[in-house]
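Structure file coords-v4.pdb; described as PDB, C-alpha atoms, pLDDT in the B column.
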ATOM      1  CA  MET A   1    -159.767 119.815  30.227  1.00 72.00           C
ATOM      2  CA  ARG A   2    -156.422 120.255  31.822  1.00 73.00           C
ATOM      3  CA  ASN A   3    -155.831 116.479  31.753  1.00 74.00           C
ATOM      4  CA  LYS A   4    -156.621 116.384  28.056  1.00 74.00           C
ATOM      5  CA  LEU A   5    -154.127 119.187  27.424  1.00 74.00           C
ATOM      6  CA  LEU A   6    -151.437 117.399  29.419  1.00 74.00           C
ATOM      7  CA  LEU A   7    -152.203 114.158  27.608  1.00 74.00           C
ATOM      8  CA  PHE A   8    -151.956 115.956  24.237  1.00 76.00           C
ATOM      9  CA  VAL A   9    -148.604 117.568  25.182  1.00 74.00           C
ATOM     10  CA  PHE A  10    -147.314 114.217  26.419  1.00 76.00           C
ATOM     11  CA  PHE A  11    -148.174 112.449  23.139  1.00 73.00           C
ATOM     12  CA  ALA A  12    -146.814 115.351  21.062  1.00 74.00           C
ATOM     13  CA  CYS A  13    -143.494 115.127  22.942  1.00 76.00           C
ATOM     14  CA  LEU A  14    -143.500 111.362  22.526  1.00 74.00           C
ATOM     15  CA  VAL A  15    -144.059 111.633  18.732  1.00 74.00           C
ATOM     16  CA  LEU A  16    -141.488 114.434  18.426  1.00 74.00           C
ATOM     17  CA  GLY A  17    -138.949 112.482  20.472  1.00 75.00           C
ATOM     18  CA  GLY A  18    -139.525 109.349  18.410  1.00 72.00           C
ATOM     19  CA  SER A  19    -139.194 111.261  15.149  1.00 76.00           C
ATOM     20  CA  VAL A  20    -135.969 112.905  16.267  1.00 72.00           C
ATOM     21  CA  SER A  21    -134.550 109.549  17.414  1.00 74.00           C
ATOM     22  CA  VAL A  22    -135.401 107.809  14.145  1.00 72.00           C
ATOM     23  CA  THR A  23    -134.043 110.722  12.071  1.00 76.00           C
ATOM     24  CA  TYR A  24    -130.828 110.815  14.108  1.00 71.00           C
ATOM     25  CA  ALA A  25    -130.375 107.048  13.752  1.00 70.00           C
ATOM     26  CA  TYR A  26    -130.996 107.242   9.999  1.00 71.00           C
ATOM     27  CA  LEU A  27    -128.543 110.089   9.446  1.00 73.00           C
ATOM     28  CA  THR A  28    -125.747 108.703  11.621  1.00 73.00           C
ATOM     29  CA  GLY A  29    -126.038 104.994  10.859  1.00 68.00           C
ATOM     30  CA  TRP A  30    -123.632 103.426   8.348  1.00 70.00           C
ATOM     31  CA  ASP A  31    -122.399 100.082   7.181  1.00 74.00           C
ATOM     32  CA  PHE A  32    -119.118  99.054   5.566  1.00 73.00           C
ATOM     33  CA  ALA A  33    -118.520  96.495   2.856  1.00 75.00           C
ATOM     34  CA  GLY A  34    -114.872  96.173   1.905  1.00 74.00           C
ATOM     35  CA  ASN A  35    -113.828  95.050  -1.549  1.00 74.00           C
ATOM     36  CA  ASP A  36    -110.102  94.742  -1.991  1.00 72.00           C
ATOM     37  CA  LEU A  37    -109.180  95.359  -5.604  1.00 69.00           C
ATOM     38  CA  SER A  38    -105.778  95.224  -7.142  1.00 70.00           C
ATOM     39  CA  VAL A  39    -105.131  97.193 -10.275  1.00 71.00           C
ATOM     40  CA  THR A  40    -102.592  96.169 -12.838  1.00 76.00           C
ATOM     41  CA  GLU A  41    -101.755  97.417 -16.277  1.00 81.00           C
ATOM     42  CA  ASN A  42    -101.082  95.361 -19.321  1.00 84.00           C
ATOM     43  CA  GLU A  43     -97.989  96.759 -20.951  1.00 93.00           C
ATOM     44  CA  ILE A  44     -96.312  95.608 -24.125  1.00 95.00           C
ATOM     45  CA  HIS A  45     -93.612  96.882 -26.419  1.00 95.00           C
ATOM     46  CA  ILE A  46     -92.472  96.084 -29.926  1.00 96.00           C
ATOM     47  CA  GLU A  47     -88.988  94.712 -30.502  1.00 96.00           C
ATOM     48  CA  GLU A  48     -87.639  94.356 -33.974  1.00 94.00           C
ATOM     49  CA  LYS A  49     -84.545  93.438 -35.832  1.00 94.00           C
ATOM     50  CA  PHE A  50     -84.192  96.119 -38.497  1.00 92.00           C
ATOM     51  CA  GLU A  51     -81.349  96.625 -40.912  1.00 89.00           C
ATOM     52  CA  PRO A  52     -82.018  99.646 -43.143  1.00 88.00           C
ATOM     53  CA  PRO A  53     -80.422  99.344 -46.583  1.00 88.00           C
ATOM     54  CA  ASP A  54     -77.823 101.886 -47.670  1.00 86.00           C
ATOM     55  CA  ASP A  55     -79.367 102.407 -51.095  1.00 85.00           C
ATOM     56  CA  PRO A  56     -82.715 100.625 -51.548  1.00 87.00           C
ATOM     57  CA  GLY A  57     -83.608  99.790 -55.102  1.00 88.00           C
ATOM     58  CA  PRO A  58     -85.465  97.209 -57.158  1.00 91.00           C
ATOM     59  CA  GLY A  59     -84.961  93.705 -55.754  1.00 91.00           C
ATOM     60  CA  THR A  60     -83.735  94.950 -52.362  1.00 92.00           C
ATOM     61  CA  VAL A  61     -84.649  92.733 -49.414  1.00 93.00           C
ATOM     62  CA  ILE A  62     -84.887  94.705 -46.165  1.00 93.00           C
ATOM     63  CA  THR A  63     -84.559  92.822 -42.872  1.00 94.00           C
ATOM     64  CA  LYS A  64     -87.337  93.808 -40.482  1.00 95.00           C
ATOM     65  CA  SER A  65     -88.763  91.298 -38.013  1.00 96.00           C
ATOM     66  CA  PRO A  66     -91.092  92.861 -35.419  1.00 97.00           C
ATOM     67  CA  CYS A  67     -92.346  90.921 -32.416  1.00 96.00           C
ATOM     68  CA  ILE A  68     -94.358  91.981 -29.366  1.00 97.00           C
ATOM     69  CA  VAL A  69     -93.117  91.497 -25.793  1.00 97.00           C
ATOM     70  CA  ASN A  70     -95.396  91.270 -22.740  1.00 96.00           C
ATOM     71  CA  ASP A  71     -93.995  93.606 -20.055  1.00 94.00           C
ATOM     72  CA  SER A  72     -96.975  93.016 -17.724  1.00 92.00           C
ATOM     73  CA  THR A  73     -97.239  90.864 -14.654  1.00 91.00           C
ATOM     74  CA  ILE A  74    -100.300  89.135 -16.135  1.00 91.00           C
ATOM     75  CA  PRO A  75    -100.948  87.128 -19.305  1.00 93.00           C
ATOM     76  CA  VAL A  76    -102.284  89.117 -22.268  1.00 94.00           C
ATOM     77  CA  TYR A  77    -103.617  88.646 -25.776  1.00 95.00           C
ATOM     78  CA  VAL A  78    -102.064  90.841 -28.449  1.00 95.00           C
ATOM     79  CA  ARG A  79    -103.047  92.154 -31.831  1.00 95.00           C
ATOM     80  CA  ALA A  80    -101.120  94.285 -34.279  1.00 96.00           C
ATOM     81  CA  SER A  81    -101.568  96.160 -37.489  1.00 95.00           C
ATOM     82  CA  VAL A  82     -99.008  96.712 -40.222  1.00 95.00           C
ATOM     83  CA  ARG A  83     -99.232  99.774 -42.438  1.00 94.00           C
ATOM     84  CA  PHE A  84     -97.059 101.342 -45.065  1.00 93.00           C
ATOM     85  CA  SER A  85     -96.558 105.079 -44.590  1.00 91.00           C
ATOM     86  CA  ASN A  86     -97.084 105.540 -48.316  1.00 86.00           C
ATOM     87  CA  SER A  87     -99.666 103.539 -50.261  1.00 84.00           C
ATOM     88  CA  GLU A  88     -97.685 103.996 -53.481  1.00 86.00           C
ATOM     89  CA  ALA A  89     -94.641 102.434 -51.841  1.00 85.00           C
ATOM     90  CA  GLU A  90     -96.773  99.486 -50.721  1.00 89.00           C
ATOM     91  CA  SER A  91     -97.507  98.727 -54.373  1.00 90.00           C
ATOM     92  CA  PHE A  92     -93.737  98.639 -55.070  1.00 91.00           C
ATOM     93  CA  CYS A  93     -93.223  95.884 -52.474  1.00 92.00           C
ATOM     94  CA  MET A  94     -94.039  92.195 -52.462  1.00 94.00           C
ATOM     95  CA  PRO A  95     -96.852  91.257 -50.049  1.00 94.00           C
ATOM     96  CA  LEU A  96     -95.522  90.726 -46.546  1.00 95.00           C
ATOM     97  CA  ASP A  97     -95.088  87.079 -45.587  1.00 96.00           C
ATOM     98  CA  ILE A  98     -96.976  87.143 -42.276  1.00 96.00           C
ATOM     99  CA  SER A  99     -96.280  84.246 -39.900  1.00 96.00           C
ATOM    100  CA  SER A 100     -99.015  81.617 -39.609  1.00 96.00           C
ATOM    101  CA  ARG A 101     -99.163  82.356 -35.856  1.00 96.00           C
ATOM    102  CA  TRP A 102    -100.765  85.718 -36.735  1.00 96.00           C
ATOM    103  CA  GLN A 103    -104.329  85.570 -38.085  1.00 94.00           C
ATOM    104  CA  LYS A 104    -105.753  88.538 -39.975  1.00 94.00           C
ATOM    105  CA  ASN A 105    -109.266  89.634 -39.071  1.00 91.00           C
ATOM    106  CA  GLU A 106    -111.840  91.725 -40.929  1.00 90.00           C
ATOM    107  CA  ASP A 107    -110.970  94.707 -38.721  1.00 89.00           C
ATOM    108  CA  GLY A 108    -107.488  94.872 -40.275  1.00 91.00           C
ATOM    109  CA  TYR A 109    -105.636  93.621 -37.196  1.00 94.00           C
ATOM    110  CA  TYR A 110    -103.508  90.492 -36.982  1.00 96.00           C
ATOM    111  CA  TYR A 111    -104.298  88.478 -33.834  1.00 95.00           C
ATOM    112  CA  TYR A 112    -101.615  86.344 -32.221  1.00 96.00           C
ATOM    113  CA  ASP A 113    -102.924  82.805 -31.848  1.00 92.00           C
ATOM    114  CA  THR A 114    -102.198  82.381 -28.132  1.00 93.00           C
ATOM    115  CA  SER A 115    -101.795  84.439 -24.974  1.00 93.00           C
ATOM    116  CA  LEU A 116     -98.431  85.794 -23.866  1.00 95.00           C
ATOM    117  CA  SER A 117     -97.229  85.075 -20.349  1.00 94.00           C
ATOM    118  CA  PRO A 118     -95.324  87.800 -18.492  1.00 94.00           C
ATOM    119  CA  GLY A 119     -91.978  88.391 -20.217  1.00 94.00           C
ATOM    120  CA  GLU A 120     -92.886  86.227 -23.215  1.00 96.00           C
ATOM    121  CA  ARG A 121     -92.610  87.445 -26.821  1.00 95.00           C
ATOM    122  CA  THR A 122     -94.426  86.575 -30.010  1.00 97.00           C
ATOM    123  CA  VAL A 123     -92.786  85.090 -33.052  1.00 97.00           C
ATOM    124  CA  PRO A 124     -91.896  87.814 -35.567  1.00 97.00           C
ATOM    125  CA  MET A 125     -94.890  88.928 -37.631  1.00 97.00           C
ATOM    126  CA  PHE A 126     -92.725  88.864 -40.768  1.00 96.00           C
ATOM    127  CA  GLU A 127     -88.997  88.688 -41.477  1.00 96.00           C
ATOM    128  CA  THR A 128     -88.376  90.847 -44.528  1.00 95.00           C
ATOM    129  CA  ILE A 129     -89.733  93.546 -46.808  1.00 94.00           C
ATOM    130  CA  SER A 130     -88.942  92.898 -50.471  1.00 94.00           C
ATOM    131  CA  ILE A 131     -89.046  95.569 -53.146  1.00 92.00           C
ATOM    132  CA  LYS A 132     -90.242  94.178 -56.481  1.00 92.00           C
ATOM    133  CA  GLU A 133     -87.553  93.723 -59.111  1.00 93.00           C
ATOM    134  CA  GLU A 134     -89.641  95.069 -61.969  1.00 91.00           C
ATOM    135  CA  ILE A 135     -89.977  98.536 -60.370  1.00 88.00           C
ATOM    136  CA  ALA A 136     -87.893 101.331 -61.899  1.00 88.00           C
ATOM    137  CA  ALA A 137     -85.451 102.838 -59.409  1.00 86.00           C
ATOM    138  CA  GLU A 138     -86.594 106.384 -60.201  1.00 87.00           C
ATOM    139  CA  ASP A 139     -90.190 105.462 -59.308  1.00 85.00           C
ATOM    140  CA  LEU A 140     -89.323 104.418 -55.743  1.00 88.00           C
ATOM    141  CA  VAL A 141     -90.412 106.741 -52.959  1.00 88.00           C
ATOM    142  CA  PRO A 142     -89.205 106.759 -49.342  1.00 88.00           C
ATOM    143  CA  PHE A 143     -91.466 104.802 -46.990  1.00 90.00           C
ATOM    144  CA  ASP A 144     -91.762 103.297 -43.542  1.00 92.00           C
ATOM    145  CA  VAL A 145     -93.491 100.109 -42.488  1.00 93.00           C
ATOM    146  CA  LEU A 146     -95.341 100.928 -39.283  1.00 94.00           C
ATOM    147  CA  VAL A 147     -96.284  98.267 -36.744  1.00 95.00           C
ATOM    148  CA  TYR A 148     -98.878  99.168 -34.118  1.00 95.00           C
ATOM    149  CA  ALA A 149     -99.755  96.751 -31.290  1.00 95.00           C
ATOM    150  CA  GLU A 150    -102.415  96.515 -28.579  1.00 94.00           C
ATOM    151  CA  SER A 151    -103.016  94.095 -25.730  1.00 93.00           C
ATOM    152  CA  VAL A 152    -105.846  92.994 -23.467  1.00 92.00           C
ATOM    153  CA  GLN A 153    -105.764  91.001 -20.230  1.00 90.00           C
ATOM    154  CA  CYS A 154    -106.617  87.306 -20.526  1.00 86.00           C
ATOM    155  CA  PHE A 155    -108.427  86.563 -17.268  1.00 80.00           C
ATOM    156  CA  ASP A 156    -110.337  83.314 -17.723  1.00 82.00           C
ATOM    157  CA  SER A 157    -111.653  84.186 -21.163  1.00 82.00           C
ATOM    158  CA  THR A 158    -111.000  83.169 -24.714  1.00 86.00           C
ATOM    159  CA  MET A 159    -109.214  85.564 -27.019  1.00 87.00           C
ATOM    160  CA  GLU A 160    -112.498  86.498 -28.732  1.00 86.00           C
ATOM    161  CA  GLU A 161    -114.268  87.159 -25.434  1.00 86.00           C
ATOM    162  CA  ALA A 162    -111.390  89.286 -24.111  1.00 85.00           C
ATOM    163  CA  TRP A 163    -111.249  91.423 -27.245  1.00 85.00           C
ATOM    164  CA  SER A 164    -115.039  91.771 -27.393  1.00 83.00           C
ATOM    165  CA  MET A 165    -114.991  93.217 -23.852  1.00 81.00           C
ATOM    166  CA  ALA A 166    -112.130  95.571 -24.748  1.00 76.00           C
ATOM    167  CA  ALA A 167    -113.447  96.500 -28.196  1.00 67.00           C
ATOM    168  CA  PRO A 168    -117.246  96.381 -28.274  1.00 65.00           C
ATOM    169  CA  GLY A 169    -118.617  95.272 -31.611  1.00 57.00           C
ATOM    170  CA  LEU A 170    -115.772  92.844 -32.228  1.00 51.00           C
ATOM    171  CA  GLU A 171    -117.996  89.873 -31.424  1.00 47.00           C
ATOM    172  CA  LYS A 172    -120.017  90.652 -34.547  1.00 49.00           C
ATOM    173  CA  GLN A 173    -116.875  90.523 -36.655  1.00 48.00           C
ATOM    174  CA  ARG A 174    -115.459  87.393 -35.051  1.00 46.00           C
ATOM    175  CA  GLY A 175    -118.708  85.549 -34.289  1.00 45.00           C
ATOM    176  CA  VAL A 176    -118.417  85.721 -30.479  1.00 41.00           C
ATOM    177  CA  LYS A 177    -121.576  85.027 -28.482  1.00 39.00           C
ATOM    178  CA  ARG A 178    -121.904  86.700 -25.100  1.00 32.00           C
TER
END
Here is a file; write its structure as structure tokens.
Amino acid sequence: MRNKLLLFVFFACLVLGGSVSVTYAYLTGWDFAGNDLSVTENEIHIEEKFEPPDDPGPGTVITKSPCIVNDSTIPVYVRASVRFSNSEAESFCMPLDISSRWQKNEDGYYYYDTSLSPGERTVPMFETISIKEEIAAEDLVPFDVLVYAESVQCFDSTMEEAWSMAAPGLEKQRGVKR
């Protein structure tokens, strides 16, 4: 009987010791997988030649030629929107003559036709804002023409693919297949 008790204690200690060893190994074991990532930001700014008129009136041509400059260290695609601050004032002006390098999309943005390398700038979106001649001077209201621009990193993707990753749902508008 005593031998059976000693044998039982021996096996109990063996199982307990094994369990403790396995638990200790599980809780203290670790592995390391290093992934070196570099983070960069795509930064742009809008430059424009703008000459505000002293006294705008019917037939006035206002010089305004906005372009986008890539301040990043990586190539980017850019898009921009152009809005009048006052919809009534927009009706007093001739339609903007947007450069053929900028393509308008259904989402309201104009997409530049190629990527911009670091330090590179786009061609101006337009050169002038022309107030219609047939508008009465007393009907004119003060307005601004606002240009808003965004950029996305190029990587090894097409413009459509890059924008669809940055703006989900764009592939439906531009016909991009993932």
Of the residues A:Val141, A:Cys154, A:Met165, A:Ala33, which is the one nearest to Thr73 (chain A), using all atoms listed in the file?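 Looking at the shortest contact to Thr73 (chain A), the residue is A:Cys154.
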With the PyMOL selection byres ((chain A and resi 143) around 6) as the selection, what would be picked from this file? Answer as an MDAnalysis selection string, please. chainID A and resid 85:86 142 144
As an exercise, work out the distance from CA of Val9 (chain A) to CA of Leu27 (chain A) in Å and give it to one decimal place.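 Between CA of Val9 (chain A) and CA of Leu27 (chain A) the gap is 26.6 Å.
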Tell me which of A:Met1, A:Glu90, A:Pro75, A:Ile98 sits closest to Glu41 (chain A), counting only C-alpha atoms.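 Among A:Met1, A:Glu90, A:Pro75, A:Ile98, it is A:Pro75 that comes nearest to Glu41 (chain A).
In this model, the gap between CA of Leu146 (chain A) and CA of Ser81 (chain A) comes to 8.0 Å.
Closest approach to Phe50 (chain A) among A:Asn35, A:Thr128, A:Ser164, A:Ser151 is made by A:Thr128 (distances from all atoms listed in the file).
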CA of Trp163 (chain A) to CA of Tyr111 (chain A) measures 10.0 Å
Return the single residue from A:Ala137, A:Val20, A:Leu14, A:Ile129 that is closest to Pro66 (chain A), with distances computed using only C-alpha atoms.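 Using only C-alpha atoms, the shortest distance to Pro66 (chain A) belongs to A:Ile129.
Residue nearest Leu140 (chain A), chosen from A:Phe92, A:Tyr77, A:Phe84, A:Trp102 and counting all atoms listed in the file: A:Phe92.
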Looking at A:Ile44, A:Cys13, A:Val69, A:Val39, which one is nearest to Arg121 (chain A), with distances taken over all atoms listed in the file? A:Val69
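Once the PyMOL selection byres ((chain A and resi 112) around 7) is applied to this file, the selection holds Val78, Arg79, Arg101, Trp102, Gln103, Tyr110, Tyr111, Asp113 and Thr114 of chain A.
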Okay, now the selection with C-alpha atoms, as an mmCIF file, keeping the file's coordinate frame?
data_model
loop_
_atom_site.group_PDB
_atom_site.id
_atom_site.type_symbol
_atom_site.label_atom_id
_atom_site.label_comp_id
_atom_site.auth_asym_id
_atom_site.auth_seq_id
_atom_site.Cartn_x
_atom_site.Cartn_y
_atom_site.Cartn_z
ATOM 1 C CA VAL A 78 -102.064 90.841 -28.449
ATOM 2 C CA ARG A 79 -103.047 92.154 -31.831
ATOM 3 C CA ARG A 101 -99.163 82.356 -35.856
ATOM 4 C CA TRP A 102 -100.765 85.718 -36.735
ATOM 5 C CA GLN A 103 -104.329 85.570 -38.085
ATOM 6 C CA TYR A 110 -103.508 90.492 -36.982
ATOM 7 C CA TYR A 111 -104.298 88.478 -33.834
ATOM 8 C CA ASP A 113 -102.924 82.805 -31.848
ATOM 9 C CA THR A 114 -102.198 82.381 -28.132
#
Can you translate the PyMOL selection byres ((chain A and resi 127) around 10) into the concrete residues it hits in this file, as number ranges by chain? A: 48-50, 61-67, 96-99, 123-126, 128-130
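Around Asp71 (chain A), within 10 Å and counting all atoms listed in the file, the residues found are Glu41, Asn42, Glu43, Ile44, His45, Ile68, Ile74, Pro75, Val76, Leu116, Ser117, Pro118, Gly119, Glu120 and Arg121 of chain A, once anything fewer than 3 positions away on its own chain is removed.
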